[in-house]
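Chemist: structure_38.json is reproduced below (JSON, C-alpha atoms).
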```json
[["chain", "number", "residue", "atom", "x", "y", "z"],
["H", 1, "MET", "CA", 70.03, 182.19, 196.38],
["H", 2, "THR", "CA", 68.20, 185.50, 196.81],
["H", 3, "GLY", "CA", 70.07, 186.85, 199.83],
["H", 4, "LEU", "CA", 73.31, 186.54, 201.73],
["H", 5, "GLN", "CA", 74.15, 187.47, 205.34],
["H", 6, "ILE", "CA", 77.67, 188.27, 206.51],
["H", 7, "PHE", "CA", 78.66, 188.43, 210.19],
["H", 8, "GLY", "CA", 82.00, 189.56, 211.56],
["H", 9, "LEU", "CA", 83.04, 187.77, 214.76],
["H", 10, "ALA", "CA", 84.72, 190.15, 217.20],
["H", 11, "GLY", "CA", 86.30, 189.47, 220.58],
["H", 12, "VAL", "CA", 88.87, 186.90, 219.43],
["H", 13, "PRO", "CA", 91.91, 187.12, 221.73],
["H", 14, "GLU", "CA", 95.51, 187.43, 220.52],
["H", 15, "ILE", "CA", 96.25, 184.03, 219.01],
["H", 16, "GLU", "CA", 99.03, 181.90, 220.46],
["H", 17, "PRO", "CA", 100.64, 178.74, 219.04],
["H", 18, "GLY", "CA", 98.43, 175.73, 219.61],
["H", 19, "ASP", "CA", 95.16, 177.64, 219.95],
["H", 20, "ASP", "CA", 92.04, 175.76, 218.79],
["H", 21, "LEU", "CA", 90.58, 177.97, 216.06],
["H", 22, "ALA", "CA", 87.44, 175.85, 215.66],
["H", 23, "ARG", "CA", 86.62, 176.25, 219.35],
["H", 24, "LEU", "CA", 87.44, 179.97, 219.29],
["H", 25, "SER", "CA", 85.19, 180.43, 216.24],
["H", 26, "ILE", "CA", 82.28, 178.68, 217.91],
["H", 27, "GLU", "CA", 82.69, 180.76, 221.07],
["H", 28, "ALA", "CA", 83.06, 184.04, 219.14],
["H", 29, "ALA", "CA", 79.91, 183.31, 217.11],
["H", 30, "VAL", "CA", 77.90, 182.59, 220.26],
["H", 31, "ALA", "CA", 79.23, 185.75, 221.94],
["H", 32, "ALA", "CA", 78.26, 187.79, 218.87],
["H", 33, "GLY", "CA", 74.70, 186.48, 219.04],
["H", 34, "THR", "CA", 75.06, 184.68, 215.71],
["H", 35, "PRO", "CA", 75.90, 181.06, 216.58],
["H", 36, "LEU", "CA", 77.27, 178.95, 213.74],
["H", 37, "VAL", "CA", 74.78, 176.66, 212.02],
["H", 38, "SER", "CA", 75.30, 173.91, 209.47],
["H", 39, "GLY", "CA", 75.43, 175.34, 205.97],
["H", 40, "ASP", "CA", 77.43, 178.41, 206.98],
["H", 41, "VAL", "CA", 80.78, 179.34, 205.44],
["H", 42, "LEU", "CA", 83.45, 180.36, 207.94],
["H", 43, "VAL", "CA", 86.17, 182.63, 206.54],
["H", 44, "VAL", "CA", 89.34, 182.68, 208.65],
["H", 45, "THR", "CA", 92.08, 185.27, 208.17],
["H", 46, "SER", "CA", 95.31, 183.42, 207.37],
["H", 47, "LYS", "CA", 97.27, 185.44, 209.92],
["H", 48, "ILE", "CA", 95.54, 183.86, 212.91],
["H", 49, "VAL", "CA", 95.99, 180.44, 211.31],
["H", 50, "SER", "CA", 99.71, 181.13, 210.97],
["H", 51, "LYS", "CA", 99.95, 182.32, 214.57],
["H", 52, "ALA", "CA", 98.14, 179.22, 215.84],
["H", 53, "GLU", "CA", 100.48, 177.03, 213.80],
["H", 54, "GLY", "CA", 103.65, 178.78, 214.95],
["H", 55, "ARG", "CA", 104.41, 180.39, 211.60],
["H", 56, "SER", "CA", 105.88, 183.56, 213.10],
["H", 57, "VAL", "CA", 109.55, 184.57, 212.87],
["H", 58, "GLU", "CA", 111.59, 187.00, 214.97],
["H", 59, "LEU", "CA", 113.62, 189.20, 212.63],
["H", 60, "ALA", "CA", 116.50, 189.27, 215.11],
["H", 61, "ASP", "CA", 116.93, 185.51, 214.60],
["H", 62, "ILE", "CA", 117.40, 185.79, 210.82],
["H", 63, "GLU", "CA", 120.86, 185.90, 209.22],
["H", 64, "PRO", "CA", 120.46, 187.53, 205.80],
["H", 65, "SER", "CA", 122.34, 186.16, 202.81],
["H", 66, "PRO", "CA", 124.80, 188.39, 200.90],
["H", 67, "PHE", "CA", 122.18, 188.84, 198.17],
["H", 68, "ALA", "CA", 119.50, 189.87, 200.67],
["H", 69, "LEU", "CA", 121.92, 192.35, 202.26],
["H", 70, "ALA", "CA", 122.93, 193.90, 198.93],
["H", 71, "TRP", "CA", 119.40, 194.07, 197.53],
["H", 72, "SER", "CA", 117.99, 195.53, 200.75],
["H", 73, "GLU", "CA", 120.69, 198.17, 200.95],
["H", 74, "GLN", "CA", 119.97, 199.19, 197.37],
["H", 75, "TRP", "CA", 116.23, 199.61, 197.98],
["H", 76, "GLY", "CA", 116.11, 200.65, 201.64],
["H", 77, "LYS", "CA", 114.55, 197.39, 202.82],
["H", 78, "ASP", "CA", 115.03, 195.33, 205.98],
["H", 79, "ALA", "CA", 117.51, 192.62, 205.03],
["H", 80, "ALA", "CA", 115.99, 190.13, 207.49],
["H", 81, "VAL", "CA", 112.56, 190.53, 205.90],
["H", 82, "THR", "CA", 114.06, 190.17, 202.42],
["H", 83, "GLU", "CA", 115.77, 186.97, 203.49],
["H", 84, "ILE", "CA", 112.49, 185.53, 204.80],
["H", 85, "VAL", "CA", 110.73, 186.48, 201.56],
["H", 86, "LEU", "CA", 113.39, 184.66, 199.54],
["H", 87, "ARG", "CA", 113.25, 181.58, 201.77],
["H", 88, "GLU", "CA", 109.48, 181.40, 201.37],
["H", 89, "ALA", "CA", 109.71, 181.73, 197.58],
["H", 90, "LYS", "CA", 110.00, 178.95, 195.04],
["H", 91, "ARG", "CA", 111.18, 181.61, 192.62],
["H", 92, "VAL", "CA", 111.14, 185.34, 192.00],
["H", 93, "VAL", "CA", 108.63, 186.02, 189.24],
["H", 94, "ARG", "CA", 109.41, 189.73, 188.82],
["H", 95, "GLN", "CA", 111.29, 192.53, 190.47],
["H", 96, "VAL", "CA", 110.17, 196.10, 189.83],
["H", 97, "GLY", "CA", 112.20, 198.54, 191.90],
["H", 98, "ALA", "CA", 111.75, 197.65, 195.55],
["H", 99, "ILE", "CA", 108.89, 195.24, 194.84],
["H", 100, "LEU", "CA", 109.46, 191.48, 194.74],
["H", 101, "ILE", "CA", 106.74, 189.39, 193.13],
["H", 102, "THR", "CA", 107.35, 185.78, 194.03],
["H", 103, "GLU", "CA", 105.83, 182.36, 193.57],
["H", 104, "THR", "CA", 105.53, 180.67, 196.95],
["H", 105, "HIS", "CA", 106.07, 176.99, 197.63],
["H", 106, "HIS", "CA", 102.26, 176.66, 197.63],
["H", 107, "GLY", "CA", 102.05, 178.02, 194.06],
["H", 108, "PHE", "CA", 100.65, 181.45, 194.99],
["H", 109, "VAL", "CA", 102.02, 184.40, 193.01],
["H", 110, "CYS", "CA", 102.06, 187.44, 195.28],
["H", 111, "ALA", "CA", 104.12, 190.29, 196.69],
["H", 112, "ASN", "CA", 106.87, 189.34, 199.14],
["H", 113, "SER", "CA", 105.83, 185.67, 199.41],
["H", 114, "GLY", "CA", 102.93, 186.72, 201.63],
["H", 115, "VAL", "CA", 105.32, 187.69, 204.46],
["H", 116, "ASP", "CA", 103.64, 190.32, 206.65],
["H", 117, "GLN", "CA", 104.70, 192.36, 209.67],
["H", 118, "SER", "CA", 101.34, 194.05, 210.32],
["H", 119, "SER", "CA", 99.35, 192.75, 213.30],
["H", 120, "SER", "CA", 102.13, 190.24, 213.91],
["H", 121, "GLY", "CA", 101.77, 190.41, 217.68],
["H", 122, "ALA", "CA", 105.07, 192.18, 218.39],
["H", 123, "LYS", "CA", 107.51, 194.64, 216.88],
["H", 124, "GLY", "CA", 110.28, 192.94, 214.94],
["H", 125, "ARG", "CA", 108.17, 189.89, 214.13],
["H", 126, "ALA", "CA", 106.97, 188.64, 210.76],
["H", 127, "VAL", "CA", 104.11, 186.25, 210.03],
["H", 128, "LEU", "CA", 104.42, 183.73, 207.20],
["H", 129, "LEU", "CA", 101.65, 182.02, 205.27],
["H", 130, "PRO", "CA", 100.49, 178.65, 206.64],
["H", 131, "LEU", "CA", 102.57, 175.73, 205.38],
["H", 132, "ASP", "CA", 99.46, 174.03, 203.94],
["H", 133, "SER", "CA", 96.36, 176.21, 203.98],
["H", 134, "ASP", "CA", 94.09, 173.40, 202.78],
["H", 135, "ALA", "CA", 95.22, 171.22, 205.69],
["H", 136, "SER", "CA", 94.63, 174.16, 208.03],
["H", 137, "ALA", "CA", 91.08, 174.57, 206.70],
["H", 138, "ARG", "CA", 90.44, 170.83, 207.05],
["H", 139, "ARG", "CA", 91.54, 170.87, 210.70],
["H", 140, "ILE", "CA", 89.18, 173.74, 211.51],
["H", 141, "ARG", "CA", 86.32, 172.05, 209.64],
["H", 142, "ALA", "CA", 86.98, 168.79, 211.49],
["H", 143, "GLY", "CA", 86.76, 170.65, 214.80],
["H", 144, "LEU", "CA", 83.43, 172.15, 213.77],
["H", 145, "LEU", "CA", 82.10, 168.80, 212.55],
["H", 146, "ALA", "CA", 83.02, 167.29, 215.92],
["H", 147, "GLU", "CA", 80.55, 169.76, 217.44],
["H", 148, "GLY", "CA", 77.83, 168.84, 214.96],
["H", 149, "LEU", "CA", 78.41, 171.83, 212.67],
["H", 150, "ASP", "CA", 78.66, 171.12, 208.93],
["H", 151, "VAL", "CA", 80.41, 174.37, 208.03],
["H", 152, "ALA", "CA", 82.64, 175.00, 205.00],
["H", 153, "VAL", "CA", 85.93, 176.74, 205.81],
["H", 154, "ILE", "CA", 87.92, 179.22, 203.74],
["H", 155, "ILE", "CA", 91.36, 180.53, 204.72],
["H", 156, "SER", "CA", 91.77, 184.04, 203.30],
["H", 157, "ASP", "CA", 94.60, 186.45, 202.67],
["H", 158, "THR", "CA", 94.93, 189.87, 201.05],
["H", 159, "PHE", "CA", 96.41, 189.88, 197.54],
["H", 160, "GLY", "CA", 96.83, 192.42, 194.76],
["H", 161, "ARG", "CA", 95.41, 191.80, 191.28],
["H", 162, "ALA", "CA", 96.81, 192.05, 187.78],
["H", 163, "TRP", "CA", 95.48, 195.07, 185.84],
["H", 164, "ARG", "CA", 93.79, 196.69, 188.87],
["H", 165, "GLU", "CA", 94.79, 198.92, 191.77],
["H", 166, "GLY", "CA", 93.91, 198.06, 195.34],
["H", 167, "GLN", "CA", 93.81, 194.69, 197.04],
["H", 168, "THR", "CA", 91.14, 192.18, 197.94],
["H", 169, "ASP", "CA", 90.93, 189.10, 200.10],
["H", 170, "ILE", "CA", 91.13, 185.81, 198.23],
["H", 171, "ALA", "CA", 90.98, 182.17, 199.28],
["H", 172, "ILE", "CA", 94.30, 180.42, 199.89],
["H", 173, "GLY", "CA", 92.84, 177.32, 201.55],
["H", 174, "ILE", "CA", 89.49, 175.57, 201.57],
["H", 175, "ALA", "CA", 87.67, 172.63, 203.13],
["H", 176, "GLY", "CA", 84.25, 171.10, 202.64],
["H", 177, "MET", "CA", 83.18, 172.92, 199.47],
["H", 178, "GLN", "CA", 84.16, 173.27, 195.85],
["H", 179, "PRO", "CA", 86.10, 176.53, 195.21],
["H", 180, "ILE", "CA", 84.88, 176.98, 191.63],
["H", 181, "LEU", "CA", 81.35, 177.06, 190.22],
["H", 182, "SER", "CA", 81.50, 176.11, 186.55],
["H", 183, "TYR", "CA", 78.91, 177.07, 183.95],
["H", 184, "ILE", "CA", 80.79, 175.26, 181.16],
["H", 185, "GLY", "CA", 78.38, 173.19, 179.10],
["H", 186, "GLN", "CA", 75.30, 175.00, 180.38],
["H", 187, "VAL", "CA", 73.10, 177.06, 178.06],
["H", 188, "ASP", "CA", 71.72, 180.55, 178.69],
["H", 189, "PRO", "CA", 68.06, 181.50, 177.93],
["H", 190, "HIS", "CA", 69.07, 182.52, 174.39],
["H", 191, "GLY", "CA", 70.73, 179.25, 173.51],
["H", 192, "HIS", "CA", 74.33, 180.33, 174.04],
["H", 193, "GLU", "CA", 76.49, 177.54, 175.47],
["H", 194, "PHE", "CA", 79.13, 178.58, 178.00],
["H", 195, "HIS", "CA", 82.63, 177.38, 177.13],
["H", 196, "VAL", "CA", 84.87, 179.23, 179.61],
["H", 197, "GLN", "CA", 82.67, 180.72, 182.34],
["H", 198, "ALA", "CA", 83.72, 179.46, 185.77],
["H", 199, "LEU", "CA", 83.35, 181.58, 188.91],
["H", 200, "CYS", "CA", 85.86, 181.34, 191.73],
["H", 201, "VAL", "CA", 83.21, 181.47, 194.45],
["H", 202, "ALA", "CA", 85.87, 180.85, 197.11],
["H", 203, "ASP", "CA", 87.51, 184.17, 196.22],
["H", 204, "GLU", "CA", 84.15, 185.93, 196.01],
["H", 205, "LEU", "CA", 83.17, 184.71, 199.48],
["H", 206, "ALA", "CA", 86.59, 185.65, 200.90],
["H", 207, "GLY", "CA", 86.28, 189.14, 199.41],
["H", 208, "ALA", "CA", 82.76, 189.57, 200.78],
["H", 209, "ALA", "CA", 83.95, 188.49, 204.23],
["H", 210, "GLU", "CA", 86.66, 191.16, 204.19],
["H", 211, "LEU", "CA", 83.94, 193.83, 204.20],
["H", 212, "VAL", "CA", 83.13, 192.96, 207.82],
["H", 213, "LYS", "CA", 86.69, 192.09, 208.90],
["H", 214, "GLY", "CA", 89.01, 194.87, 207.73],
["H", 215, "ASN", "CA", 92.69, 195.35, 208.59],
["H", 216, "LEU", "CA", 92.37, 197.41, 211.79],
["H", 217, "SER", "CA", 89.16, 196.08, 213.33],
["H", 218, "ARG", "CA", 90.74, 192.98, 214.96],
["H", 219, "ILE", "CA", 87.95, 190.85, 213.53],
["H", 220, "PRO", "CA", 89.74, 187.87, 211.96],
["H", 221, "LEU", "CA", 86.65, 185.70, 211.44],
["H", 222, "ALA", "CA", 83.53, 186.10, 209.33],
["H", 223, "VAL", "CA", 80.48, 183.94, 208.70],
["H", 224, "LEU", "CA", 78.54, 183.91, 205.45],
["H", 225, "ARG", "CA", 75.03, 182.51, 205.62],
["H", 226, "GLY", "CA", 72.71, 181.83, 202.71],
["H", 227, "TYR", "CA", 75.16, 180.62, 200.07],
["H", 228, "ALA", "CA", 74.31, 177.08, 198.92],
["H", 229, "TRP", "CA", 77.81, 175.66, 198.55],
["H", 230, "GLU", "CA", 78.57, 172.40, 196.79],
["H", 231, "PRO", "CA", 79.88, 169.91, 199.38],
["H", 232, "ASP", "CA", 83.18, 168.19, 198.61],
["H", 233, "GLU", "CA", 85.38, 166.62, 201.26],
["H", 234, "THR", "CA", 88.22, 166.27, 198.74],
["H", 235, "ALA", "CA", 88.22, 169.95, 197.72],
["H", 236, "THR", "CA", 91.48, 171.90, 197.66],
["H", 237, "ILE", "CA", 92.53, 175.31, 196.42],
["H", 238, "ALA", "CA", 94.61, 173.68, 193.65],
["H", 239, "PRO", "CA", 92.02, 174.15, 190.85],
["H", 240, "VAL", "CA", 92.17, 177.91, 191.43],
["H", 241, "LEU", "CA", 95.92, 178.12, 190.77],
["H", 242, "ARG", "CA", 96.59, 178.66, 187.08],
["H", 243, "ASP", "CA", 99.39, 176.54, 185.67],
["H", 244, "GLN", "CA", 102.38, 178.51, 184.37],
["H", 245, "SER", "CA", 101.86, 177.06, 180.88],
["H", 246, "ARG", "CA", 98.48, 178.85, 180.76],
["H", 247, "ASP", "CA", 99.60, 182.03, 182.52],
["H", 248, "LEU", "CA", 100.15, 184.89, 180.09],
["H", 249, "PHE", "CA", 101.91, 187.05, 182.66],
["H", 250, "ARG", "CA", 104.69, 184.80, 184.00]]
```
Produce structure tokens that represent the structure in this file.
Modeler:
Amino acid sequence: MTGLQIFGLAGVPEIEPGDDLARLSIEAAVAAGTPLVSGDVLVVTSKIVSKAEGRSVELADIEPSPFALAWSEQWGKDAAVTEIVLREAKRVVRQVGAILITETHHGFVCANSGVDQSSSGAKGRAVLLPLDSDASARRIRAGLLAEGLDVAVIISDTFGRAWREGQTDIAIGIAGMQPILSYIGQVDPHGHEFHVQALCVADELAGAAELVKGNLSRIPLAVLRGYAWEPDETATIAPVLRDQSRDLFR
């Protein structure tokens, strides 16, 4: 690969439960003058996936637990949001002041279980992560394949990183391509054999896509063209998630 093109797809309407994201992606790409072609990678912001799958919650409908009430009062947080965060968590990994770092039921370690109120569609509403982001990616890919488009799909979300300030988009779901490119066993021009080098290309592609999406642009879709991905219909995001036994920071 000597070059990579990235297109943001604007004009996507406010997503409602049941919307066909594959169809909307195809239409947005045509409207943008960059129709999808086989070999592309489509990066889909998790928030629109969650909205299409009905993973939104009205805060007024949440009854906080005594713990959520007490913790929220201590740190000036919304008790309903705290309750949702706790419900979405398999466990609390760390609490530092008003920050809750949790492990979600998917195995993601992130702030507040990925619960987000920004761009939720209405005041007093929170959006949760998709129940199964890999399944979400597979459904979108299947819709594209039905139209003759062999396109890999990545579901992305914004996460913080250990050791570094700022956030970046990473992959939380994938379909059609391997998420990791391993160099283990290969030899460099000087005879050095790689023993640990493995690139999370799914995260790299998700981060690149964020450059043309952004948080305020209302562009939830991006297309990457020129990356020769390794096809795999059995691929999941599971290989990216480090087991706790190998995690030095949990």
Chemist: Could you tell me which of H:Ser118, H:Ser38, H:Thr102, H:Thr158 comes closest to H:Trp229 if we count all atoms listed in the file?
Modeler: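 Looking only at the distances to H:Trp229, the closest residue turns out to be H:Ser38.
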Chemist: Could you name the residues that touch stretch 233-244 of chain H at 7 Å or less, counting only C-alpha atoms, but leaving out those on the same chain fewer than 2 positions away, as a PDB file with C-alpha atoms, keeping the file's coordinate frame?
Modeler:
```
ATOM      1  CA  GLY H 107     102.050 178.020 194.060  1.00  0.00           C
ATOM      2  CA  ASP H 134      94.090 173.400 202.780  1.00  0.00           C
ATOM      3  CA  ILE H 172      94.300 180.420 199.890  1.00  0.00           C
ATOM      4  CA  GLY H 173      92.840 177.320 201.550  1.00  0.00           C
ATOM      5  CA  ILE H 174      89.490 175.570 201.570  1.00  0.00           C
ATOM      6  CA  ALA H 175      87.670 172.630 203.130  1.00  0.00           C
ATOM      7  CA  GLY H 176      84.250 171.100 202.640  1.00  0.00           C
ATOM      8  CA  MET H 177      83.180 172.920 199.470  1.00  0.00           C
ATOM      9  CA  GLN H 178      84.160 173.270 195.850  1.00  0.00           C
ATOM     10  CA  PRO H 179      86.100 176.530 195.210  1.00  0.00           C
ATOM     11  CA  PRO H 231      79.880 169.910 199.380  1.00  0.00           C
ATOM     12  CA  ARG H 246      98.480 178.850 180.760  1.00  0.00           C
ATOM     13  CA  ASP H 247      99.600 182.030 182.520  1.00  0.00           C
ATOM     14  CA  ARG H 250     104.690 184.800 184.000  1.00  0.00           C
TER      15      ARG H 250
END
```
Chemist: Using all atoms listed in the file, can you tell me which of H:Val30, H:Glu16, H:Leu9, H:Ile101 comes closest to H:Ala162?
Modeler: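 When distances to H:Ala162 are compared using all atoms listed in the file, the smallest one comes from H:Ile101.
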Chemist: Show me a table, sorted first by chain and then by increasing residue number, of the residues of stretch 33-126 of chain H having an atom at most 7 Å from stretch 215-221 of chain H, each with its shortest atom pair and the distance in Å to one decimal, counting all atoms listed in the file and written as a tab-separated table.
Modeler:
```
residue	atom	partner	partner_atom	distance
H:Val43	CA	H:Leu221	CA	5.8
H:Val44	CA	H:Leu221	CA	4.9
H:Thr45	CA	H:Pro220	CA	5.2
```
Chemist: Could you take the residues named above and write them with C-alpha atoms, as a compact mmCIF listing (two decimals), in the frame of the given file?
Modeler:
```txt
# COMPACT_ATOMS: atom_id res chain seq x y z
CA VAL H 43 86.17 182.63 206.54
CA VAL H 44 89.34 182.68 208.65
CA THR H 45 92.08 185.27 208.17
```
Chemist: State, in Å with one decimal place, the distance from atom CA of H:Ala198 to atom CA of H:Tyr227.
Modeler: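 The value is 16.7 Å.
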Chemist: Identify which of the residues H:Leu36, H:Ala22, H:Ala60, H:Cys110 lies closest to H:Val223, counting only C-alpha atoms when measuring atom-to-atom distances.
Modeler: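 Of all the options, H:Leu36 lies closest to H:Val223.
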Chemist: Looking at all atoms listed in the file, which of H:Val12, H:Ala126, H:Val115, H:Ala228 is the one that sits closest to H:Leu100?
Modeler: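 Selected residue with least distance to H:Leu100: H:Val115.
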Chemist: So how many Å separate atom CA of H:Arg87 and atom CA of H:Ser119, to one decimal?
Modeler: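 Rounded to one decimal, the two atoms are 21.2 Å apart.
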Chemist: For H:Ala222, list every protein, DNA or RNA residue within 12 Å, evaluated using all atoms listed in the file, and leave out those in the same chain fewer than 3 positions away; present the list as a VMD selection string.
Modeler: chain H and resid 5 to 10 12 25 to 26 28 to 29 32 34 to 36 40 to 45 152 to 156 205 to 214 218 to 219 225
Chemist: Determine the nearest neighbour of H:Val127 from the options H:Leu145, H:Ala80, H:Val57, H:Val201, counting only C-alpha atoms.
Modeler: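 Smallest separation from H:Val127 among the options: H:Val57.
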Chemist: Here is a test: counting only C-alpha atoms, which residue of H:Leu128, H:Ala142, H:Ile84, H:Ala202 is nearest to H:Leu21?
Modeler: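 Ranking H:Leu128, H:Ala142, H:Ile84, H:Ala202 by distance to H:Leu21, first place goes to H:Ala142.
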Chemist: Could you give me the axis-aligned bounding box of stretch 116-127 of chain H, with 3 Å of padding per side, as centre plus edge lengths in Å to one decimal, as lines of an AutoDock Vina configuration file?
Modeler:
```
center_x = 104.8
center_y = 190.4
center_z = 212.5
size_x = 16.9
size_y = 14.4
size_z = 17.7
```
Chemist: Hey, can you check how far atom CA of H:Asp157 sits from atom CA of H:Asp203?
Modeler: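 Between atom CA of H:Asp157 and atom CA of H:Asp203 the gap works out to 9.9 Å.
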Chemist: Name the residues, using the chain letters and numbers of the file, that sit within 12 Å of (115.6, 193.0, 213.9) when counting only C-alpha atoms, and give them as number ranges by chain.
Modeler: H: 57-64, 77-82, 117, 122-126
Chemist: If you keep N, CA and C atoms, can you output stretch 9-20 of chain H as a PDB file, in the first residue's frame?
Modeler:
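So the final result, stored in selection_22.pdb, reads:
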```pdb
ATOM      1  N   LEU H   9     -18.792  10.735   5.155  1.00  0.00           N
ATOM      2  CA  LEU H   9     -20.095  10.701   4.490  1.00  0.00           C
ATOM      3  C   LEU H   9     -21.086  11.554   5.272  1.00  0.00           C
ATOM      4  N   ALA H  10     -21.385  12.735   4.746  1.00  0.00           N
ATOM      5  CA  ALA H  10     -22.295  13.663   5.412  1.00  0.00           C
ATOM      6  C   ALA H  10     -23.734  13.391   4.965  1.00  0.00           C
ATOM      7  N   GLY H  11     -24.659  14.135   5.574  1.00  0.00           N
ATOM      8  CA  GLY H  11     -26.054  14.077   5.150  1.00  0.00           C
ATOM      9  C   GLY H  11     -26.853  12.933   5.722  1.00  0.00           C
ATOM     10  N   VAL H  12     -26.297  12.198   6.694  1.00  0.00           N
ATOM     11  CA  VAL H  12     -27.051  11.105   7.316  1.00  0.00           C
ATOM     12  C   VAL H  12     -28.086  11.705   8.268  1.00  0.00           C
ATOM     13  N   PRO H  13     -29.356  11.331   8.135  1.00  0.00           N
ATOM     14  CA  PRO H  13     -30.386  11.905   9.004  1.00  0.00           C
ATOM     15  C   PRO H  13     -30.267  11.403  10.440  1.00  0.00           C
ATOM     16  N   GLU H  14     -31.001  12.030  11.360  1.00  0.00           N
ATOM     17  CA  GLU H  14     -31.056  11.539  12.734  1.00  0.00           C
ATOM     18  C   GLU H  14     -31.557  10.093  12.714  1.00  0.00           C
ATOM     19  N   ILE H  15     -30.781   9.217  13.343  1.00  0.00           N
ATOM     20  CA  ILE H  15     -31.085   7.785  13.281  1.00  0.00           C
ATOM     21  C   ILE H  15     -32.196   7.423  14.258  1.00  0.00           C
ATOM     22  N   GLU H  16     -33.117   6.598  13.775  1.00  0.00           N
ATOM     23  CA  GLU H  16     -34.225   6.106  14.582  1.00  0.00           C
ATOM     24  C   GLU H  16     -34.119   4.580  14.702  1.00  0.00           C
ATOM     25  N   PRO H  17     -34.720   4.011  15.758  1.00  0.00           N
ATOM     26  CA  PRO H  17     -34.689   2.551  15.904  1.00  0.00           C
ATOM     27  C   PRO H  17     -35.226   1.851  14.660  1.00  0.00           C
ATOM     28  N   GLY H  18     -34.490   0.838  14.222  1.00  0.00           N
ATOM     29  CA  GLY H  18     -34.900   0.074  13.056  1.00  0.00           C
ATOM     30  C   GLY H  18     -34.330   0.558  11.745  1.00  0.00           C
ATOM     31  N   ASP H  19     -33.634   1.687  11.735  1.00  0.00           N
ATOM     32  CA  ASP H  19     -33.061   2.194  10.488  1.00  0.00           C
ATOM     33  C   ASP H  19     -32.036   1.207   9.915  1.00  0.00           C
ATOM     34  N   ASP H  20     -31.995   1.136   8.593  1.00  0.00           N
ATOM     35  CA  ASP H  20     -31.085   0.248   7.866  1.00  0.00           C
ATOM     36  C   ASP H  20     -29.783   0.997   7.602  1.00  0.00           C
TER      37      ASP H  20
END
```
